[in-house]
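Okay, entry-v8.cif now, which holds mmCIF, C-alpha atoms:
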data_coords
loop_
_atom_site.label_atom_id
_atom_site.label_comp_id
_atom_site.auth_asym_id
_atom_site.auth_seq_id
_atom_site.Cartn_x
_atom_site.Cartn_y
_atom_site.Cartn_z
CA MET A 284 0.00 0.00 0.00
CA ALA A 285 1.40 3.37 -1.00
CA GLN A 286 2.21 5.81 1.81
CA PRO A 287 0.08 9.02 1.91
CA GLY A 288 3.13 11.19 1.18
CA HIS A 289 4.03 9.10 -1.83
CA SER A 290 0.44 9.32 -3.11
CA ILE A 291 0.57 13.12 -2.98
CA LEU A 292 3.86 13.12 -4.86
CA GLN A 293 2.46 10.68 -7.43
CA ARG A 294 -0.49 12.96 -8.13
CA THR A 295 1.47 16.23 -8.04
CA PHE A 296 4.27 15.16 -10.36
CA ARG A 297 2.48 12.43 -12.35
CA LEU A 298 5.28 9.99 -11.61
CA ARG A 299 3.68 6.84 -13.07
CA GLU A 300 2.64 8.74 -16.20
CA ASN A 301 6.27 9.79 -16.66
CA GLY A 302 7.64 6.30 -15.98
CA THR A 303 9.51 7.15 -12.80
CA SER A 304 9.32 6.76 -9.02
CA VAL A 305 9.96 8.78 -5.86
CA ARG A 306 13.27 6.98 -5.25
CA THR A 307 14.47 7.52 -8.83
CA GLU A 308 13.58 11.22 -8.70
CA ILE A 309 15.41 11.75 -5.40
CA VAL A 310 18.53 9.96 -6.64
CA ALA A 311 18.40 12.06 -9.82
CA GLY A 312 18.08 15.24 -7.76
CA LEU A 313 21.09 14.32 -5.61
CA THR A 314 23.05 13.62 -8.79
CA THR A 315 22.18 17.00 -10.32
CA PHE A 316 23.09 18.79 -7.08
CA ALA A 317 26.45 17.00 -6.92
CA ALA A 318 27.15 18.08 -10.50
CA MET A 319 26.40 21.77 -9.87
CA ALA A 320 27.30 22.23 -6.19
CA TYR A 321 30.57 23.87 -7.22
CA ILE A 322 28.58 27.07 -7.84
CA LEU A 323 28.29 27.49 -4.06
CA ALA A 324 32.06 27.93 -3.87
CA VAL A 325 32.80 29.54 -7.23
CA ASN A 326 30.04 32.17 -7.39
CA PRO A 327 30.89 33.87 -4.06
CA GLN A 328 34.58 33.93 -5.00
CA ILE A 329 33.82 35.59 -8.33
CA LEU A 330 31.24 38.11 -7.09
CA SER A 331 33.20 39.03 -3.94
CA ALA A 332 35.93 40.33 -6.27
CA SER A 333 33.51 43.17 -7.07
CA GLY A 334 33.34 44.17 -3.40
CA MET A 335 30.26 42.18 -2.43
CA ASP A 336 30.17 40.49 0.97
CA PHE A 337 31.31 36.86 0.59
CA GLY A 338 28.96 35.42 3.22
CA ALA A 339 25.94 37.30 1.90
CA VAL A 340 26.66 36.04 -1.64
CA VAL A 341 26.88 32.45 -0.34
CA THR A 342 23.44 32.83 1.22
CA ALA A 343 22.04 34.59 -1.85
CA THR A 344 23.45 31.90 -4.15
CA ALA A 345 22.00 29.01 -2.16
CA LEU A 346 18.67 30.70 -1.45
CA ALA A 347 18.08 31.96 -5.00
CA SER A 348 18.98 28.55 -6.41
CA ALA A 349 16.68 26.76 -3.94
CA VAL A 350 13.70 29.06 -4.42
CA MET A 351 13.82 29.32 -8.20
CA THR A 352 14.60 25.63 -8.75
CA ALA A 353 11.50 24.79 -6.69
CA VAL A 354 9.37 27.36 -8.56
CA PHE A 355 10.61 26.11 -11.92
CA GLY A 356 9.99 22.47 -11.01
CA LEU A 357 6.44 23.15 -9.81
CA ALA A 358 5.62 25.40 -12.79
CA THR A 359 6.89 23.04 -15.50
CA ASN A 360 7.20 19.60 -13.86
CA TRP A 361 10.62 19.32 -15.54
CA PRO A 362 13.77 18.00 -13.77
CA ILE A 363 15.76 21.19 -14.34
CA ALA A 364 17.69 23.12 -11.67
CA LEU A 365 18.59 26.80 -11.63
CA ALA A 366 21.54 28.70 -10.15
CA PRO A 367 23.65 31.79 -10.90
CA GLY A 368 24.98 31.35 -14.42
CA MET A 369 28.66 30.85 -15.07
CA GLY A 370 29.93 33.48 -17.46
CA LEU A 371 27.27 35.95 -16.41
CA ASN A 372 28.79 36.12 -12.92
CA ALA A 373 32.23 36.71 -14.45
CA PHE A 374 30.75 39.39 -16.72
CA PHE A 375 29.18 41.00 -13.64
CA ALA A 376 32.33 41.04 -11.52
CA PHE A 377 35.27 41.33 -13.90
CA THR A 378 33.87 43.29 -16.85
CA ILE A 379 31.28 45.58 -15.28
CA CYS A 380 32.55 46.14 -11.73
CA LEU A 381 36.33 45.77 -12.02
CA GLY A 382 36.81 46.65 -15.69
CA MET A 383 34.30 49.50 -16.04
CA LYS A 384 34.44 50.61 -12.38
CA ILE A 385 30.66 50.40 -12.03
CA PRO A 386 29.39 49.82 -8.44
CA TRP A 387 28.12 46.31 -7.81
CA GLN A 388 24.85 47.79 -6.56
CA ALA A 389 24.28 49.25 -10.03
CA ALA A 390 25.23 45.93 -11.63
CA LEU A 391 22.55 44.20 -9.52
CA ALA A 392 20.05 46.80 -10.73
CA MET A 393 21.02 45.98 -14.33
CA VAL A 394 20.45 42.27 -13.70
CA PHE A 395 17.00 43.09 -12.31
CA CYS A 396 16.21 45.24 -15.36
CA SER A 397 17.31 42.44 -17.69
CA GLY A 398 14.90 40.11 -15.88
CA VAL A 399 12.07 42.58 -16.32
CA GLY A 400 12.99 42.88 -20.00
CA PHE A 401 13.15 39.10 -20.38
CA LEU A 402 9.69 38.77 -18.83
CA ALA A 403 8.26 41.50 -21.09
CA LEU A 404 9.75 39.88 -24.19
CA SER A 405 8.35 36.50 -23.19
CA LEU A 406 4.86 37.87 -22.59
CA SER A 407 4.81 39.97 -25.78
CA GLY A 408 6.15 37.34 -28.17
CA VAL A 409 9.11 39.52 -29.16
CA ARG A 410 11.40 36.97 -27.55
CA GLN A 411 10.62 34.48 -30.31
CA ARG A 412 11.47 37.03 -33.00
CA ILE A 413 14.82 37.79 -31.40
CA VAL A 414 15.68 34.11 -31.10
CA GLU A 415 14.80 33.59 -34.76
CA ALA A 416 16.73 36.73 -35.82
CA ILE A 417 20.05 35.55 -34.38
CA PRO A 418 21.77 33.16 -36.82
CA HIS A 419 22.58 29.71 -35.51
CA GLU A 420 26.33 30.20 -35.88
CA LEU A 421 26.28 33.29 -33.64
CA LYS A 422 24.27 31.49 -30.97
CA ILE A 423 26.90 28.76 -30.91
CA ALA A 424 29.70 31.34 -31.02
CA ILE A 425 28.27 33.14 -27.98
CA SER A 426 28.34 29.92 -25.95
CA CYS A 427 31.89 29.10 -27.10
CA GLY A 428 33.11 32.64 -26.46
CA ILE A 429 31.74 32.62 -22.94
CA GLY A 430 33.44 29.24 -22.43
CA LEU A 431 36.82 30.63 -23.48
CA PHE A 432 36.23 33.69 -21.28
CA ILE A 433 35.52 31.49 -18.24
CA ALA A 434 38.53 29.26 -18.98
CA PHE A 435 40.77 32.32 -19.31
CA ILE A 436 39.60 33.62 -15.93
CA GLY A 437 40.35 30.22 -14.39
CA LEU A 438 43.86 30.17 -15.91
CA GLN A 439 44.42 33.70 -14.64
CA LYS A 440 43.12 33.02 -11.12
CA GLY A 441 45.26 29.90 -11.00
CA GLY A 442 48.44 31.76 -11.97
CA ILE A 443 48.97 29.76 -15.17
CA VAL A 444 48.75 32.95 -17.23
CA ALA A 445 49.86 36.37 -16.01
CA ALA A 446 49.94 39.97 -17.20
CA SER A 447 52.81 41.17 -19.35
CA PRO A 448 53.63 44.79 -20.34
CA ALA A 449 55.17 43.57 -23.59
CA THR A 450 52.68 40.94 -24.79
CA LEU A 451 49.61 41.66 -22.58
CA VAL A 452 49.58 38.05 -21.33
CA THR A 453 52.30 35.48 -20.75
CA ALA A 454 52.92 32.26 -18.83
CA GLY A 455 52.87 32.60 -15.05
CA LYS A 456 55.38 31.19 -12.60
CA LEU A 457 54.67 27.57 -13.45
CA GLY A 458 57.16 26.25 -10.92
CA GLU A 459 55.26 27.67 -7.94
CA PRO A 460 53.62 24.97 -5.80
CA ARG A 461 50.22 26.69 -5.99
CA VAL A 462 50.35 26.85 -9.80
CA LEU A 463 51.40 23.21 -10.00
CA LEU A 464 48.39 22.41 -7.81
CA VAL A 465 46.11 24.17 -10.28
CA ILE A 466 47.59 22.27 -13.25
CA ALA A 467 47.14 19.00 -11.36
CA GLY A 468 43.59 20.05 -10.53
CA ILE A 469 42.74 20.63 -14.19
CA VAL A 470 44.00 17.16 -15.06
CA LEU A 471 42.18 15.59 -12.09
CA THR A 472 38.87 17.29 -12.92
CA ALA A 473 39.16 16.33 -16.59
CA VAL A 474 39.94 12.70 -15.76
CA LEU A 475 37.03 12.44 -13.30
CA HIS A 476 34.68 13.95 -15.86
CA GLN A 477 35.94 11.64 -18.61
CA ARG A 478 35.34 8.65 -16.35
CA ARG A 479 31.80 9.93 -15.73
CA VAL A 480 32.29 10.26 -11.99
CA LYS A 481 29.21 11.90 -10.49
CA GLY A 482 29.98 15.37 -9.14
CA ALA A 483 33.44 15.38 -10.75
CA ILE A 484 33.91 19.13 -10.38
CA VAL A 485 32.86 19.39 -6.76
CA LEU A 486 34.97 16.33 -5.83
CA SER A 487 37.97 17.99 -7.46
CA VAL A 488 37.36 21.22 -5.52
CA ILE A 489 37.25 19.23 -2.27
CA ALA A 490 40.45 17.30 -3.12
CA LEU A 491 42.37 20.47 -4.03
CA THR A 492 41.15 22.25 -0.91
CA LEU A 493 42.48 19.40 1.22
CA ALA A 494 45.76 19.40 -0.71
CA GLY A 495 46.00 23.14 -0.07
CA LEU A 496 46.56 22.41 3.62
CA ALA A 497 50.09 21.30 2.65
CA ILE A 498 50.78 23.90 -0.06
CA PRO A 499 52.42 27.21 0.96
CA ALA A 500 50.60 30.43 0.08
CA PRO A 501 52.54 33.34 -1.47
CA GLY A 502 51.95 35.50 1.60
CA GLY A 503 52.89 32.80 4.09
CA GLY A 504 50.99 29.99 5.72
CA ALA A 505 49.01 27.36 3.84
CA LEU A 506 46.70 27.95 0.89
CA THR A 507 43.83 26.38 2.80
CA LYS A 508 43.09 27.73 6.25
CA MET A 509 41.30 25.47 8.71
CA PRO A 510 37.73 26.61 9.45
CA GLU A 511 36.80 27.68 12.98
CA ARG A 512 33.65 25.59 12.74
CA LEU A 513 31.93 23.31 10.23
CA VAL A 514 28.28 24.28 10.67
CA ALA A 515 26.76 27.67 11.42
CA ALA A 516 23.62 29.68 10.89
CA PRO A 517 23.38 31.11 7.37
CA ALA A 518 25.30 34.33 6.82
CA SER A 519 23.16 37.48 6.79
CA LEU A 520 21.69 38.68 3.51
CA ALA A 521 21.64 42.27 4.77
CA PRO A 522 24.76 43.46 2.86
CA THR A 523 23.27 42.51 -0.53
CA PHE A 524 19.50 42.21 -0.07
CA PHE A 525 17.64 44.75 -2.22
CA ALA A 526 20.89 46.68 -2.62
CA PHE A 527 19.93 48.15 -5.99
CA ASP A 528 21.38 51.42 -7.25
CA PHE A 529 18.86 52.35 -9.94
CA GLY A 530 19.99 55.96 -9.67
CA TYR A 531 23.34 55.09 -11.23
CA VAL A 532 21.64 53.15 -14.03
CA PHE A 533 19.31 56.04 -14.91
CA ALA A 534 22.09 58.63 -14.65
CA HIS A 535 24.41 56.59 -16.91
CA TRP A 536 21.80 54.98 -19.16
CA ARG A 537 23.93 55.14 -22.30
CA GLU A 538 26.63 53.11 -20.57
CA CYS A 539 24.25 50.73 -18.81
CA LEU A 540 21.69 49.97 -21.53
CA PRO A 541 24.06 47.84 -23.67
CA LEU A 542 25.08 45.95 -20.53
CA ILE A 543 21.45 45.21 -19.72
CA PHE A 544 21.00 43.96 -23.29
CA ALA A 545 24.08 41.76 -22.87
CA PHE A 546 22.66 40.21 -19.68
CA LEU A 547 19.35 39.73 -21.46
CA PHE A 548 20.70 38.16 -24.65
CA VAL A 549 23.18 35.84 -22.98
CA ASP A 550 20.55 34.65 -20.50
CA LEU A 551 18.09 34.17 -23.35
CA PHE A 552 20.40 32.07 -25.52
CA ASP A 553 21.92 30.16 -22.61
CA ASN A 554 18.52 29.33 -21.20
CA MET A 555 17.08 28.27 -24.55
CA GLY A 556 20.09 26.05 -25.22
CA THR A 557 19.85 24.39 -21.82
CA LEU A 558 16.11 23.80 -22.01
CA ILE A 559 16.23 22.36 -25.50
CA GLY A 560 19.34 20.27 -24.75
CA VAL A 561 18.00 18.68 -21.56
CA CYS A 562 14.39 18.35 -22.72
CA SER A 563 15.45 16.69 -25.98
CA ARG A 564 17.15 13.98 -23.92
CA LEU A 565 13.90 13.55 -22.01
CA GLY A 566 11.88 13.23 -25.21
CA LEU A 567 9.80 16.33 -24.45
CA LEU A 568 10.20 17.97 -27.86
CA ASP A 569 7.33 17.61 -30.32
CA LYS A 570 7.72 16.29 -33.87
CA ASN A 571 8.63 19.79 -35.10
CA GLY A 572 11.40 20.15 -32.55
CA ARG A 573 9.44 22.63 -30.44
CA LEU A 574 9.08 22.47 -26.68
CA PRO A 575 5.46 22.53 -25.42
CA GLY A 576 5.11 24.60 -22.25
CA ILE A 577 8.28 26.59 -22.87
CA SER A 578 6.45 29.88 -22.18
CA ARG A 579 6.04 28.91 -18.51
CA ALA A 580 9.70 27.95 -18.36
CA LEU A 581 10.86 31.24 -19.86
CA MET A 582 8.69 33.30 -17.53
CA ALA A 583 10.03 31.39 -14.53
CA ASP A 584 13.57 31.97 -15.79
CA ALA A 585 12.87 35.70 -16.19
CA CYS A 586 11.61 35.83 -12.62
CA ALA A 587 14.78 34.01 -11.55
CA ALA A 588 16.94 36.94 -12.69
CA MET A 589 14.79 39.35 -10.68
CA VAL A 590 14.68 37.18 -7.55
CA GLY A 591 18.43 36.47 -7.68
CA SER A 592 19.38 40.13 -8.03
CA THR A 593 16.99 41.07 -5.21
CA LEU A 594 18.74 38.59 -2.90
CA GLY A 595 22.20 39.67 -4.07
CA THR A 596 23.58 37.54 -6.88
CA SER A 597 24.08 37.71 -10.63
CA THR A 598 21.64 36.24 -13.15
CA VAL A 599 20.05 32.94 -12.08
CA THR A 600 19.35 30.63 -15.00
CA SER A 601 18.74 26.98 -15.87
CA TYR A 602 21.76 24.66 -15.62
CA ILE A 603 22.99 22.20 -18.23
CA GLU A 604 24.19 20.01 -15.31
CA SER A 605 20.51 19.09 -14.99
CA ALA A 606 21.30 16.58 -17.73
CA ALA A 607 23.22 14.55 -15.12
CA GLY A 608 20.01 13.97 -13.18
CA ALA A 609 18.12 13.23 -16.39
CA GLU A 610 20.64 10.51 -17.19
CA GLU A 611 19.91 8.99 -13.75
CA GLY A 612 16.20 8.73 -14.61
CA GLY A 613 14.91 12.11 -13.40
CA ARG A 614 11.77 12.98 -15.35
CA THR A 615 9.69 15.38 -13.23
CA GLY A 616 9.76 18.43 -10.98
CA LEU A 617 10.38 16.17 -7.98
CA THR A 618 13.99 15.98 -9.13
CA ALA A 619 14.09 19.79 -9.04
CA LEU A 620 12.56 19.89 -5.56
CA THR A 621 15.26 17.50 -4.34
CA VAL A 622 17.94 19.84 -5.70
CA SER A 623 16.17 22.76 -4.00
CA ALA A 624 16.25 20.96 -0.64
CA CYS A 625 19.99 20.31 -1.05
CA PHE A 626 20.67 24.00 -1.65
CA LEU A 627 18.72 24.91 1.49
CA LEU A 628 20.73 22.38 3.53
CA ALA A 629 23.98 23.83 2.13
CA LEU A 630 23.13 27.19 3.72
CA PHE A 631 24.33 25.85 7.06
CA PHE A 632 27.77 24.77 5.79
CA HIS A 633 29.00 28.16 4.62
CA PRO A 634 32.05 28.15 6.97
CA LEU A 635 33.50 25.36 4.81
CA LEU A 636 33.02 27.42 1.66
CA ARG A 637 35.05 30.30 3.08
CA VAL A 638 38.23 28.21 3.36
CA ILE A 639 38.25 27.07 -0.28
CA PRO A 640 41.21 28.81 -1.99
CA ALA A 641 41.02 30.30 -5.48
CA GLU A 642 43.48 27.62 -6.63
CA ALA A 643 40.86 24.96 -5.83
CA THR A 644 38.13 26.59 -7.92
CA ALA A 645 40.31 27.72 -10.85
CA PRO A 646 40.32 24.22 -12.44
CA ALA A 647 36.52 24.17 -12.18
CA LEU A 648 36.36 27.37 -14.24
CA VAL A 649 38.71 25.92 -16.84
CA ILE A 650 36.78 22.66 -17.22
CA VAL A 651 33.37 24.39 -17.30
CA GLY A 652 34.81 26.62 -20.03
CA VAL A 653 36.01 23.60 -22.00
CA LEU A 654 32.57 21.99 -21.75
CA MET A 655 30.97 25.13 -23.15
CA VAL A 656 33.46 25.37 -26.01
CA GLN A 657 32.62 21.80 -27.08
CA SER A 658 29.56 23.14 -28.90
CA VAL A 659 31.96 24.54 -31.53
CA VAL A 660 31.53 21.23 -33.38
CA GLU A 661 28.09 22.48 -34.43
CA LEU A 662 29.71 25.27 -36.46
CA ASP A 663 30.31 24.74 -40.17
CA LEU A 664 33.55 26.70 -40.42
CA ARG A 665 33.98 25.64 -44.02
CA ASP A 666 31.40 28.29 -44.89
CA PHE A 667 33.50 31.47 -44.79
CA ALA A 668 30.43 33.68 -44.36
CA LYS A 669 29.61 31.84 -41.14
CA ALA A 670 33.19 31.45 -39.97
CA VAL A 671 34.10 35.16 -39.97
CA PRO A 672 31.53 36.47 -37.44
CA ALA A 673 31.55 33.25 -35.41
CA VAL A 674 35.31 32.99 -34.94
CA LEU A 675 35.68 36.70 -34.19
CA THR A 676 32.87 36.56 -31.62
CA ILE A 677 34.50 33.58 -29.92
CA ALA A 678 37.94 35.23 -29.89
CA LEU A 679 36.87 38.72 -28.87
CA MET A 680 35.05 37.74 -25.68
CA PRO A 681 38.20 36.61 -23.84
CA LEU A 682 40.52 39.04 -25.66
CA THR A 683 38.40 42.10 -24.77
CA PHE A 684 37.66 40.54 -21.37
CA SER A 685 34.01 41.33 -22.01
CA ILE A 686 31.05 39.24 -23.10
CA SER A 687 29.09 42.32 -24.13
CA GLU A 688 31.86 43.79 -26.29
CA GLY A 689 32.54 40.45 -27.98
CA LEU A 690 28.83 39.99 -28.66
CA ALA A 691 28.43 43.54 -29.98
CA ILE A 692 31.46 43.47 -32.29
CA GLY A 693 30.64 39.99 -33.56
CA PHE A 694 27.05 40.92 -34.39
CA VAL A 695 28.03 44.14 -36.16
CA ILE A 696 30.63 42.23 -38.22
CA TYR A 697 28.00 39.62 -39.08
CA ALA A 698 25.57 42.23 -40.40
CA ALA A 699 28.27 44.20 -42.25
CA PHE A 700 29.66 41.03 -43.83
CA GLN A 701 26.24 39.95 -45.06
CA LEU A 702 25.71 43.40 -46.55
CA GLY A 703 29.11 43.43 -48.28
CA ALA A 704 28.69 39.88 -49.58
CA GLY A 705 25.36 40.71 -51.21
CA ARG A 706 23.38 38.61 -48.74
CA ALA A 707 21.52 41.45 -47.01
CA ARG A 708 18.15 39.82 -47.72
CA GLU A 709 19.16 36.87 -45.54
CA VAL A 710 19.28 39.21 -42.52
CA SER A 711 15.90 39.86 -40.87
CA LEU A 712 14.65 43.32 -39.95
CA THR A 713 14.98 42.46 -36.27
CA ALA A 714 18.63 41.51 -36.80
CA TRP A 715 19.30 44.82 -38.57
CA VAL A 716 17.77 46.70 -35.64
CA LEU A 717 19.93 44.74 -33.19
CA ALA A 718 23.03 45.40 -35.31
CA GLY A 719 22.24 49.11 -35.32
CA LEU A 720 21.88 49.18 -31.54
CA PHE A 721 25.16 47.32 -31.09
CA LEU A 722 26.91 49.70 -33.50
CA LEU A 723 25.66 52.73 -31.58
CA HIS A 724 26.97 51.13 -28.39
CA LEU A 725 30.41 50.58 -29.89
CA VAL A 726 30.65 54.13 -31.27
CA PHE A 727 29.34 56.04 -28.24
CA ARG A 728 30.38 53.82 -25.35
#
Output the file's structure as C-alpha cells, nothing else.
Amino acid sequence: MAQPGHSILQRTFRLRENGTSVRTEIVAGLTTFAAMAYILAVNPQILSASGMDFGAVVTATALASAVMTAVFGLATNWPIALAPGMGLNAFFAFTICLGMKIPWQAALAMVFCSGVGFLALSLSGVRQRIVEAIPHELKIAISCGIGLFIAFIGLQKGGIVAASPATLVTAGKLGEPRVLLVIAGIVLTAVLHQRRVKGAIVLSVIALTLAGLAIPAPGGGALTKMPERLVAAPASLAPTFFAFDFGYVFAHWRECLPLIFAFLFVDLFDNMGTLIGVCSRLGLLDKNGRLPGISRALMADACAAMVGSTLGTSTVTSYIESAAGAEEGGRTGLTALTVSACFLLALFFHPLLRVIPAEATAPALVIVGVLMVQSVVELDLRDFAKAVPAVLTIALMPLTFSISEGLAIGFVIYAAFQLGAGRAREVSLTAWVLAGLFLLHLVFR
C-alpha cells in the first residue's frame, strides 16, 4: 500500500505517467546537485571580487537557487535546476565592476532590469522574433566565447597565465607549488569527468582544498586555512539584499543599456540552449522540434533573474548540469525539488566554503569553459560567411575581457559582412535593428 506522502507526490508530479518513481527522482536530484554544487564555492569567489560580501553572496546563491529551482519544477514539472549562471557572474564582476568601475549595486540593478525585459519579451512574443533573428552560428559562437572567457579567468586566477607589459599576457610562474596544484587540478577534474564520476567538479574542488593544507601560500601559511567551525547559521543577507542602485543606471543609461541587453541576450540564448538540450534527452520535444510549455519555463527563468538580483547575486538561469540527473532517470519536478532541498541544507555549511582557496576553484572554471566550447563542433567553419563572425565573436570575448563587447562586435561584423557579400536579404529586420543598436553602443560607449 502506498504511503500518503508518496500518493501526494504521485499525483502532483504524475510519476507513473512519466515512468519514474519517488526513489528515482530523489537519486536524480542528488546527482544533479552533486554536478552543480561547485557554484556554491565559485560564485561567491567571483562576485566578492567586485566588493560584495562573501557570506551574503553564499546565502544569496543558495537561497536563490533553492527558491527558483522549486518554482521552476512546480511550474513546468521538468527536472531542471537553476543557479547563478557561469559566465554571467564573471561578466558582472570582472567586466562591469572591475573593468568598467561600475558599483556592484548598479550591476545588480542591471540584472534586475534584464529580468524585467526578459519577462516583457516572453509575454509579448518579441522573444521568439529575437531568437529567430540571431543566426545559428552566432548562438553557438556566444556559448563558445563565454566558455573561453571562463577558462581564461580560471587560468588567470590559478596563476597559469599572467599579465605582461610587452605581450599583454604570458605564462605565469609555473614552478610555484600553488600553480602546479592548479595544473594537477585541471588534469584531475578532466579525468574524473571523462570517467563519468558523479559530481566530478565538486569532488575535485574538495580534493584540491584538502591538498592546499600542505601547499604554501605566497603571503605565508598554507593555501587552505582550517575553518573555525563546520556548521553555522546562514550568513546574513543584509549586505546585498535589495541593494539596488537604480539611480546610477538612470544617470548613466547610455553606458548601462548595452550591458542590460548583454545580460538579457546571454541569458536568453543560454537558457534556450539548456532547455532544448535537456528536454530533448527527455523526449519532451514535439515532432517539429518545439518544446510545449516553454512559455512557462521562460517566464520562470525571467523571474529568476529578478529574484536572484533582489537577494544579491548575478543572473540565475537553468543549468545544463541538470542533464546529469536526467541521465539517472529524473523525469519530473520532484527531481528539481530535491535539488532545491539540497541548496537549502547547504546554507548551514557556509564556513566550509570560506576556506576554499582560489586555486581549488580555478580548475573548475577551466573545465566548465572547456565543456561550453565543445559546442563549436556544431559550427560549419567551411562556410567562410559563417566562420568570420563566429570565430571573431569567440575570440573577442576573452581578448576584450568582455562578453558584451565580444557579442556587440561579432554581431556588427556579421551584419556588415552579409551586406558586403550581397546577402543582405538573408538578414531579418529584427537583426538589422539589433546590429544598429550594437553599432551605436560601440561608437558612443
* For the structure shown, which residues end up in the PyMOL selection byres ((chain A and resi 389) around 10)? Put them as a PyMOL selection string, please? => chain A and resi 379-380+385-388+390-395+526-533+539
* To do: Skip range 628-644 of chain A itself and residues of its chain fewer than 4 positions away, then list as a PyMOL selection string all residues within 7 Å of it, counting only C-alpha atoms.
  => chain A and resi 324-325+341-342+345+440-441+461+465+488+491-492+506-510+512-517+624+648
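Here CA of Ile429 in chain A and CA of Ala698 in chain A stand 20.9 Å from one another.
With CA of Leu463 in chain A on one side and CA of Gly442 in chain A on the other, the separation reads 9.3 Å.
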* Tell me, as a ChimeraX atom specification, which residues lie within 9 Å of Trp361 in chain A, counting all atoms listed in the file; anything in the same chain fewer than 6 positions away does not count. => /A:355,562,613-619
